[in-house]
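Engineer: Encoded as structure tokens, here's the structure I'll be asking about.
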Protein chains: 4
Amino acid sequence: MKATEATLSLGTAPDPRGETRSPQALRVAVIGATGYAGGELIQILARHPGVRITRLMADIKKPLPAESVHPSLRGRGLPVCELPHPEDLAAPEVEAVFLATPHQAAHDMAPVFLERGLRVIDLSAAFRLKDASAYPCWYGFEHRAPGPLAEAVFGAPELYKEKIRRARLLANPGCYATSVILALVPILRAGWVNVERGIICDSKSGASGAGRTPSDKLHFPEVNESLRAYGLFNHRHVPEMLQLLGLAQKDFVFTPHLLPINRGILSTTYVRLSKSRTLEQVVGLYRDFYAAAPLVRVYDDGTLPEIQAVAHTNYFDVGFALEPATDRLIIISALDNLGKGAAGQAVQNMNLMYGFDEVTALI
Amino acid sequence: MKATEATLSLGTAPDPRGETRSPQALRVAVIGATGYAGGELIQILARHPGVRITRLMADIKKPLPAESVHPSLRGRGLPVCELPHPEDLAAPEVEAVFLATPHQAAHDMAPVFLERGLRVIDLSAAFRLKDASAYPCWYGFEHRAPGPLAEAVFGAPELYKEKIRRARLLANPGCYATSVILALVPILRAGWVNVERGIICDSKSGASGAGRTPSDKLHFPEVNESLRAYGLFNHRHVPEMLQLLGLAQKDFVFTPHLLPINRGILSTTYVRLSKSRTLEQVVGLYRDFYAAAPLVRVYDDGTLPEIQAVAHTNYFDVGFALEPATDRLIIISALDNLGKGAAGQAVQNMNLMYGFDEVTALI
Amino acid sequence: MKATEATLSLGTAPDPRGETRSPQALRVAVIGATGYAGGELIQILARHPGVRITRLMADIKKPLPAESVHPSLRGRGLPVCELPHPEDLAAPEVEAVFLATPHQAAHDMAPVFLERGLRVIDLSAAFRLKDASAYPCWYGFEHRAPGPLAEAVFGAPELYKEKIRRARLLANPGCYATSVILALVPILRAGWVNVERGIICDSKSGASGAGRTPSDKLHFPEVNESLRAYGLFNHRHVPEMLQLLGLAQKDFVFTPHLLPINRGILSTTYVRLSKSRTLEQVVGLYRDFYAAAPLVRVYDDGTLPEIQAVAHTNYFDVGFALEPATDRLIIISALDNLGKGAAGQAVQNMNLMYGFDEVTALI
Amino acid sequence: MKATEATLSLGTAPDPRGETRSPQALRVAVIGATGYAGGELIQILARHPGVRITRLMADIKKPLPAESVHPSLRGRGLPVCELPHPEDLAAPEVEAVFLATPHQAAHDMAPVFLERGLRVIDLSAAFRLKDASAYPCWYGFEHRAPGPLAEAVFGAPELYKEKIRRARLLANPGCYATSVILALVPILRAGWVNVERGIICDSKSGASGAGRTPSDKLHFPEVNESLRAYGLFNHRHVPEMLQLLGLAQKDFVFTPHLLPINRGILSTTYVRLSKSRTLEQVVGLYRDFYAAAPLVRVYDDGTLPEIQAVAHTNYFDVGFALEPATDRLIIISALDNLGKGAAGQAVQNMNLMYGFDEVTALI
């Protein structure tokens, strides 16, 4: 009998509807639950067989059901979303805290949780830049947590898997940064790029990347049927990219654009090779680099990533076009800004931190 | 150590990436793998812990990787999509066949599979209408499989759960039909509707419901920034609705519209109550009716379903507005035409047919 | 020589770029210039050969160029948009005032302008409802201008052309109301509708109809890829429709929906005929009724209006489907909510009030 | 009386609805009337006070009303769209022919019309490349009209106004090419660019630019909510750009992307200055260069062009960001691919060719 066998083979696996989750499930809280990244976190965590969401918090006026903000979460039996009271969170009710808050709020709360023995996965930029002096300029606040900042692990699982496993404070990368860093690290580390000729990254993002706060610029008719560039030569995600890629500002240009779609980033990155390589060599370099990366897909079949392939997934896709006569290489990378660019990567990091399979709940 | 516990608690659960699936997994084939419903089926089945996709087929010119049609499926280790050779499919390699083909192709293939002892889940309309004589008019072909037609079970799990468990041939409902039938069945069965005053269903669907074949009418600039009504007084999904709802054509109007979105149907249904009821009574009726239906969400909090709440989910949502002075009731129902309206419901039916938890891989 | 002839044939026609407009041009002001209807008004008036925009005002913090709000107006040589100072506007600098302001602001300003001898075209609802006592309930303010209210002419040029020519205060119809009123007036006046069987109007509008103020509900990702119904049984545009159509609330249902597009309304209206008519009779009735209406297009070729046909135009389109067996008629009507639904109709009214050709600057 | 004066001031100006156009109106034919550029041409020409459309033709199976393909043109009293019979067109019925056909069809027809004394405005690429040998490679046909090719004037009014006035055969620029050429010509001609460091143009276009023929790639759900790059290092519009800009292929990269919108192109172009300049100097250079160009808008107020500002207009917008430390300049340019990128520019050229004001019917 198929039914019995299949049911049995699931052993004590949690019921997908959540009422009967294993008592050993990892207990997590999400702060910033009403934003888009927060909603996506809840969505992913709610289907994770080894996790139980015990607390939801957000900067709201009064407690409200998570579903009143994220209607697709209706009926999932989630805890009510409360006002943020960091002092409320402690083991054993909560073991790990996801921060999907504004940067400064994360900066203020993370040290409190660390002291209390909780592990923190911070989706804001509060612990991404190693140079504390960069915060006033780029994020508008003074960084006052040098210890946590020094300790924080940059959460790019394809680059720092071992450190991530042991991290107490994880700085989850930005969505644009992920799309650029994973596109460039393999070829930069290999020394195949003539960096002095300049690297140009023209990036395009869906509107959920700009957050949930209503504004003139994100009002429906102002985004729909349009496209605009913004943050030219001064986007706040650049320091994060430079730090991780080991590039100087003079050699790197990053131009973001706002797309009239909900989810997805496509980055078109232009580099010059330091010596001639074939397309096969480039593809091979990336395939090798990402051989153990289950959420990276290297295109080797003559096609290119597009947003459609990654929207509503947690993958990072990368493909290439080469002009042999000029040694110009165009790298096309794509991800879902809420998936691999935010919540998906955060859960991938959590999976590593707690010994789950890296892709649980992510594919 | 959390990690160990959590990992252990998963027992012999299948690896989420699929390479190490249990040998007892249910082996399924998808025919019509290149369409939108086919792609969504593959997406859902690929994350189902008790299923293994062993064959993919479609009406194509030469075999091709599923990911070349559905780019989001890249890297999932799926079988190559072959040309349709029904005679190729047999146990033990295949136990259940999903048909996401055109109606006539399903009509031709299903009896072959049944004879061979395979169970069939047909997403086309080929076995939905009990009256064989309706096929030439509505679907343009003569129905020549009276036995299977008589045997086929209409796959609405909220209505026919027990029959579905035993079905050999399952006729999966249409997307529009599901959105209308589940919205009306509870109140019609209760006898609360004054049917003679007429029931009007004004329905709006995203473009993936119209299939994947390019045409003038579905060319991007012809759909985008527009809205159009079509099939007035003669949409082919009406017979399916009438049959199931037990309504006469004179009492029922269904008007579909094409929305400039990818996924989702919202139906606005207007009825007159046969006697005065309160909104609470109506909500209560539906809550009771769907008390055991894990994928139905009845809105009881003063809000109404919208497409955003159901897109990329497998839920059917329903809510109400009542004008007590006139006993007019408006029923707002919503679903994802590829989820609960097609592939999600097909997998829900499969779950029932094979003894899995009803919502496995669906929430 | 073609060039000379064609140039000559234009006589003293105003230069299309506006610098050399005839001194006899009608001098108009637009108050509420920063909203969507205000922007569309400016767009149309700026290409009107007989008009000069002399003042622009809006509820802003400091004066700003119109193009900073409506970027497509850049380079048109428009006056700077000032804060609203009604006392500033007077002949000869201004002869007619367009009010595209909130309802109460229009209510307050219009009488001032009338006293000063200016003619007023009010795009708000402040003077649409003949019953002053309806304002507190539907619009949240007490109506204190009974004289102007009594005098105001409802600006439906297809119905009240002669009154409009002489109007001093013109109440420009709402966008939804126009889409419903023009769809129903011919057949209601002819007595062909069995009103007691109920009239249901299911209407769908693009997001610009909801105005320019940012809000949760109109934030890009909340509208995009979704559809929602709102205002069930209590939309504020209903009184305007009932008043003009002479209907009782019990016989009429109006349900608006928010579409993920910028511009356009499509209304699907369901009526029962009082006696059997052919489709040709219905079409003939409308063709006759609108024979002298240059901006109404009656579909007589078996096709139906869709939003694409009217977006960025000033037309009202109407078409029909009839089910002879039941005498059910579906009326499909479409217009651009900023065109015939607001600014276009306002200029059409202005054209009539000042003796221009009715469609100048509108086709 | 305002009415009388305004009416009188229009002299013998053509009636806006077209029935009473002046007998001296320029008589034009549009071939390729069913495509998007053809439809936009008709739209613009129908409101041009000095033009009468006498013939419409397209590659269709049987004659049909233009409105059956372009529903927004309904009710404009246009000629029926016929099958293409070049031999049918002759003076005095037709004086100028617009070709909005495929490239090879234009190549075949234009010489016929020239011989017959008609002037031709060709929106295809058939006469854009001065080097006839480029056609087999880029456009797939042998060029057999060396005389017309030599004679053809490239229709960029901002660059070749005098030649255009006298042109018999006008090669209207491509939409991408216009967006790139007008963005770069001023600064390249001034010698301010260090060309050897490379020029990168990352361009994004709405879907109407890809034409009206349905295909997998342009099917609504394949474009909506996505973005993809295409034609990397080998787009057919590059030769046109190189020819006009006087650049070598090795120094220039052009990457087009398909946006999920109907209309508009935004190009982000990266150059290195040959010596340090201020932003004011750059803006001043462009303002001077385009001082006499009524359809070019140079942004000098710290904002940047976006598609919203140009969609449904005939303007070309250009703005800048400069990084003084590196002498990197980013040029943002925008236009409507059907407006200034096709039909609008074609009518602008016609206006020059026939002595109309350059912007008649275009603003």
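Numbering starts fresh at 1 for the residues of each chain in the structure tokens, the chains themselves are lettered A, B, ... in the order given, and ligands are numbered from 1 as they appear.
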Quick check: residues of chain D within 8 Å of chain A, only C-alpha atoms, returned as a PDB file with C-alpha atoms, in the first residue's frame.

Structural biologist:
```
ATOM      1  CA  ARG D 197      38.185  53.684 -22.373  1.00  0.00           C
ATOM      2  CA  ASP D 202      22.691  49.582 -21.115  1.00  0.00           C
ATOM      3  CA  GLU D 222       6.556  35.534 -20.365  1.00  0.00           C
ATOM      4  CA  ASN D 224       5.091  40.418 -17.326  1.00  0.00           C
ATOM      5  CA  GLU D 225       6.881  40.526 -13.962  1.00  0.00           C
ATOM      6  CA  SER D 226      10.163  39.710 -15.678  1.00  0.00           C
ATOM      7  CA  LEU D 227      13.150  41.400 -17.307  1.00  0.00           C
ATOM      8  CA  ARG D 228      15.627  39.894 -19.686  1.00  0.00           C
ATOM      9  CA  ALA D 229      18.685  40.967 -21.610  1.00  0.00           C
ATOM     10  CA  LEU D 232      24.360  40.771 -26.260  1.00  0.00           C
ATOM     11  CA  PHE D 233      27.269  41.911 -28.427  1.00  0.00           C
ATOM     12  CA  LYS D 250      35.651  47.708 -30.123  1.00  0.00           C
ATOM     13  CA  PRO D 260       7.365  44.544 -18.874  1.00  0.00           C
ATOM     14  CA  ILE D 261       5.737  47.779 -20.051  1.00  0.00           C
ATOM     15  CA  ASN D 262       4.107  48.827 -23.287  1.00  0.00           C
ATOM     16  CA  ARG D 263       6.011  51.927 -24.305  1.00  0.00           C
ATOM     17  CA  GLY D 264       9.301  53.620 -23.559  1.00  0.00           C
ATOM     18  CA  LEU D 266      15.509  54.276 -21.016  1.00  0.00           C
ATOM     19  CA  LEU D 304      16.871  62.518 -14.281  1.00  0.00           C
ATOM     20  CA  PRO D 305      14.688  61.391 -17.145  1.00  0.00           C
ATOM     21  CA  GLU D 306      12.426  58.451 -16.521  1.00  0.00           C
ATOM     22  CA  ILE D 307      10.115  56.589 -18.835  1.00  0.00           C
ATOM     23  CA  GLN D 308       7.022  58.067 -17.254  1.00  0.00           C
ATOM     24  CA  ALA D 321      25.315  62.278 -13.304  1.00  0.00           C
ATOM     25  CA  LEU D 322      29.025  62.929 -12.970  1.00  0.00           C
ATOM     26  CA  GLU D 323      31.631  61.505 -10.612  1.00  0.00           C
ATOM     27  CA  ALA D 325      36.946  62.049  -8.938  1.00  0.00           C
ATOM     28  CA  THR D 326      36.937  59.586 -11.801  1.00  0.00           C
ATOM     29  CA  ILE D 332      20.330  58.874 -18.844  1.00  0.00           C
TER      30      ILE D 332
END
```

Engineer: Would you kindly return, as JSON, numbers by chain, each protein, DNA or RNA residue with an atom no farther than 7 Å from any atom of Leu170 of chain B, considering only C-alpha atoms and excluding same-chain residues fewer than 4 positions away?

Structural biologist: {"B": [120, 121, 122, 152, 153, 154, 155]}

Engineer: Taking 4 positions as the minimum chain separation for residues in the same chain, which residues sit within 10 Å of Ile60 of chain B when counting only C-alpha atoms? Answer as a ChimeraX atom specification.

Structural biologist: /B:32-34,64,81-84

Engineer: Give me every alpha helix (DSSP H) residue in segment 205-361 of chain C, going by DSSP on the backbone, as a PyMOL selection string.

Structural biologist: chain C and resi 220-223+238-245+279-289+307-310+344-353

Engineer: Mind dumping the selected residues with C-alpha atoms as a PDB file, in the first residue's frame?

Structural biologist:
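Writing done, so here's selection.pdb:
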```
ATOM      1  CA  PHE C 220       2.935  49.632  -5.847  1.00  0.00           C
ATOM      2  CA  PRO C 221       3.354  46.016  -4.671  1.00  0.00           C
ATOM      3  CA  GLU C 222      -0.101  46.087  -3.043  1.00  0.00           C
ATOM      4  CA  VAL C 223      -1.849  46.888  -6.322  1.00  0.00           C
ATOM      5  CA  VAL C 238     -23.766  55.661  -6.063  1.00  0.00           C
ATOM      6  CA  PRO C 239     -25.926  58.669  -5.050  1.00  0.00           C
ATOM      7  CA  GLU C 240     -24.747  60.516  -8.150  1.00  0.00           C
ATOM      8  CA  MET C 241     -25.727  57.584 -10.323  1.00  0.00           C
ATOM      9  CA  LEU C 242     -29.118  57.090  -8.698  1.00  0.00           C
ATOM     10  CA  GLN C 243     -29.947  60.784  -8.956  1.00  0.00           C
ATOM     11  CA  LEU C 244     -29.164  60.952 -12.602  1.00  0.00           C
ATOM     12  CA  LEU C 245     -30.634  57.622 -13.596  1.00  0.00           C
ATOM     13  CA  LEU C 279     -29.402  43.048 -30.346  1.00  0.00           C
ATOM     14  CA  GLU C 280     -29.874  45.200 -33.427  1.00  0.00           C
ATOM     15  CA  GLN C 281     -32.691  47.067 -31.724  1.00  0.00           C
ATOM     16  CA  VAL C 282     -30.539  47.743 -28.700  1.00  0.00           C
ATOM     17  CA  VAL C 283     -27.611  48.913 -30.782  1.00  0.00           C
ATOM     18  CA  GLY C 284     -29.954  51.058 -32.856  1.00  0.00           C
ATOM     19  CA  LEU C 285     -31.400  52.671 -29.759  1.00  0.00           C
ATOM     20  CA  TYR C 286     -27.932  53.697 -28.582  1.00  0.00           C
ATOM     21  CA  ARG C 287     -26.792  54.826 -32.013  1.00  0.00           C
ATOM     22  CA  ASP C 288     -29.798  57.079 -32.264  1.00  0.00           C
ATOM     23  CA  PHE C 289     -29.430  58.374 -28.751  1.00  0.00           C
ATOM     24  CA  ILE C 307      -9.821  49.453 -21.791  1.00  0.00           C
ATOM     25  CA  GLN C 308      -7.108  49.449 -24.403  1.00  0.00           C
ATOM     26  CA  ALA C 309      -9.462  51.155 -26.855  1.00  0.00           C
ATOM     27  CA  VAL C 310     -10.103  54.129 -24.587  1.00  0.00           C
ATOM     28  CA  GLY C 344     -11.400  65.265 -20.961  1.00  0.00           C
ATOM     29  CA  GLN C 345     -15.040  65.678 -20.069  1.00  0.00           C
ATOM     30  CA  ALA C 346     -14.236  68.904 -18.221  1.00  0.00           C
ATOM     31  CA  VAL C 347     -12.630  70.339 -21.341  1.00  0.00           C
ATOM     32  CA  GLN C 348     -15.521  69.062 -23.447  1.00  0.00           C
ATOM     33  CA  ASN C 349     -17.798  71.040 -21.156  1.00  0.00           C
ATOM     34  CA  MET C 350     -15.534  74.057 -21.404  1.00  0.00           C
ATOM     35  CA  ASN C 351     -15.647  73.770 -25.186  1.00  0.00           C
ATOM     36  CA  LEU C 352     -19.432  73.935 -25.056  1.00  0.00           C
ATOM     37  CA  MET C 353     -19.473  76.767 -22.516  1.00  0.00           C
TER      38      MET C 353
END
```

Engineer: By how many Å are atom CA of Leu56 of chain B and atom CA of Leu338 of chain B apart?

Structural biologist: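 That distance, rounded to one decimal, is 18.3 Å.
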
Engineer: Which residues in segment 139-332 of chain D does DSSP call strand (DSSP E or B)? List them as number ranges by chain.

Structural biologist: D: 153-154, 169-171, 193, 199-205, 219, 228-229, 252-258, 265-273, 296-298, 316-323, 328-332

Engineer: Which residue is closest to Ala91 of chain B? Choose from B:Thr313, B:Ala29, B:Ala177, B:Tyr36 and count only C-alpha atoms.

Structural biologist: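 Of B:Thr313, B:Ala29, B:Ala177, B:Tyr36, the one nearest Ala91 of chain B is B:Ala29, counting only C-alpha atoms.
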
Engineer: Can you tell me how far atom CA of Arg76 of chain B sits from atom CA of Ser333 of chain A, in Å to one decimal?

Structural biologist: 18.7 Å

Engineer: Might you pull out every residue within 10 Å of Gly39 of chain C, with only C-alpha atoms counted and same-chain residues fewer than 3 positions away left off, and present them as a PDB file with N, CA and C atoms, in the first residue's frame?

Structural biologist:
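The new file part19.pdb reads:
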```
ATOM      1  N   VAL C  30      -6.111  76.455 -13.261  1.00  0.00           N
ATOM      2  CA  VAL C  30      -6.365  75.110 -12.751  1.00  0.00           C
ATOM      3  C   VAL C  30      -5.954  75.085 -11.281  1.00  0.00           C
ATOM      4  N   GLY C  32      -5.656  72.687  -8.000  1.00  0.00           N
ATOM      5  CA  GLY C  32      -5.516  71.247  -7.807  1.00  0.00           C
ATOM      6  C   GLY C  32      -4.632  70.689  -8.904  1.00  0.00           C
ATOM      7  N   ALA C  33      -3.644  71.476  -9.273  1.00  0.00           N
ATOM      8  CA  ALA C  33      -2.835  71.155 -10.457  1.00  0.00           C
ATOM      9  C   ALA C  33      -1.898  69.984 -10.245  1.00  0.00           C
ATOM     10  N   THR C  34      -1.682  69.581  -9.013  1.00  0.00           N
ATOM     11  CA  THR C  34      -0.693  68.524  -8.778  1.00  0.00           C
ATOM     12  C   THR C  34      -1.293  67.119  -8.760  1.00  0.00           C
ATOM     13  N   GLY C  35      -2.613  67.010  -8.761  1.00  0.00           N
ATOM     14  CA  GLY C  35      -3.238  65.685  -8.796  1.00  0.00           C
ATOM     15  C   GLY C  35      -3.219  65.106 -10.199  1.00  0.00           C
ATOM     16  N   TYR C  36      -3.705  63.877 -10.313  1.00  0.00           N
ATOM     17  CA  TYR C  36      -3.714  63.256 -11.639  1.00  0.00           C
ATOM     18  C   TYR C  36      -4.700  63.938 -12.577  1.00  0.00           C
ATOM     19  N   ILE C  42      -4.082  69.981 -17.472  1.00  0.00           N
ATOM     20  CA  ILE C  42      -3.016  70.828 -18.012  1.00  0.00           C
ATOM     21  C   ILE C  42      -2.566  70.293 -19.364  1.00  0.00           C
ATOM     22  N   GLN C  43      -2.383  68.977 -19.431  1.00  0.00           N
ATOM     23  CA  GLN C  43      -1.958  68.348 -20.683  1.00  0.00           C
ATOM     24  C   GLN C  43      -2.912  68.691 -21.829  1.00  0.00           C
ATOM     25  N   ILE C  44      -4.202  68.563 -21.575  1.00  0.00           N
ATOM     26  CA  ILE C  44      -5.180  68.816 -22.643  1.00  0.00           C
ATOM     27  C   ILE C  44      -5.258  70.309 -22.948  1.00  0.00           C
ATOM     28  N   LEU C  45      -5.334  71.116 -21.907  1.00  0.00           N
ATOM     29  CA  LEU C  45      -5.481  72.561 -22.128  1.00  0.00           C
ATOM     30  C   LEU C  45      -4.256  73.133 -22.835  1.00  0.00           C
ATOM     31  N   ALA C  66       5.238  72.969 -12.439  1.00  0.00           N
ATOM     32  CA  ALA C  66       4.281  71.884 -12.683  1.00  0.00           C
ATOM     33  C   ALA C  66       5.012  70.610 -13.105  1.00  0.00           C
ATOM     34  N   GLU C  67       6.097  70.769 -13.830  1.00  0.00           N
ATOM     35  CA  GLU C  67       6.823  69.605 -14.333  1.00  0.00           C
ATOM     36  C   GLU C  67       7.498  68.804 -13.227  1.00  0.00           C
ATOM     37  N   VAL C  69       6.048  67.815 -10.692  1.00  0.00           N
ATOM     38  CA  VAL C  69       5.049  66.823 -10.286  1.00  0.00           C
ATOM     39  C   VAL C  69       4.613  65.971 -11.480  1.00  0.00           C
ATOM     40  N   HIS C  70       4.457  66.601 -12.608  1.00  0.00           N
ATOM     41  CA  HIS C  70       4.037  65.900 -13.824  1.00  0.00           C
ATOM     42  C   HIS C  70       5.200  65.938 -14.809  1.00  0.00           C
ATOM     43  N   PRO C  71       6.118  65.001 -14.717  1.00  0.00           N
ATOM     44  CA  PRO C  71       7.336  65.152 -15.521  1.00  0.00           C
ATOM     45  C   PRO C  71       7.080  65.203 -17.019  1.00  0.00           C
ATOM     46  N   SER C  72       5.961  64.664 -17.477  1.00  0.00           N
ATOM     47  CA  SER C  72       5.748  64.708 -18.921  1.00  0.00           C
ATOM     48  C   SER C  72       5.431  66.121 -19.409  1.00  0.00           C
ATOM     49  N   LEU C  73       5.146  67.047 -18.480  1.00  0.00           N
ATOM     50  CA  LEU C  73       4.823  68.422 -18.868  1.00  0.00           C
ATOM     51  C   LEU C  73       6.056  69.312 -18.998  1.00  0.00           C
ATOM     52  N   ALA C 100      -9.864  70.993  -9.494  1.00  0.00           N
ATOM     53  CA  ALA C 100      -9.548  69.549  -9.416  1.00  0.00           C
ATOM     54  C   ALA C 100      -9.049  69.266  -8.009  1.00  0.00           C
ATOM     55  N   LEU C 338      -9.242  59.391 -16.451  1.00  0.00           N
ATOM     56  CA  LEU C 338      -8.715  60.759 -16.479  1.00  0.00           C
ATOM     57  C   LEU C 338      -9.182  61.525 -17.717  1.00  0.00           C
ATOM     58  N   ALA C 343     -10.793  64.890 -16.774  1.00  0.00           N
ATOM     59  CA  ALA C 343     -10.283  66.091 -17.433  1.00  0.00           C
ATOM     60  C   ALA C 343     -10.826  66.252 -18.852  1.00  0.00           C
TER      61      ALA C 343
END
```

Engineer: Env of Lys275 of chain D: 9 Å cut, atoms = only C-alpha atoms, seq-sep filter 3 positions within chain, self excluded. Answer as JSON, numbers by chain.

Structural biologist: {"D": [192, 193, 194, 272, 327]}
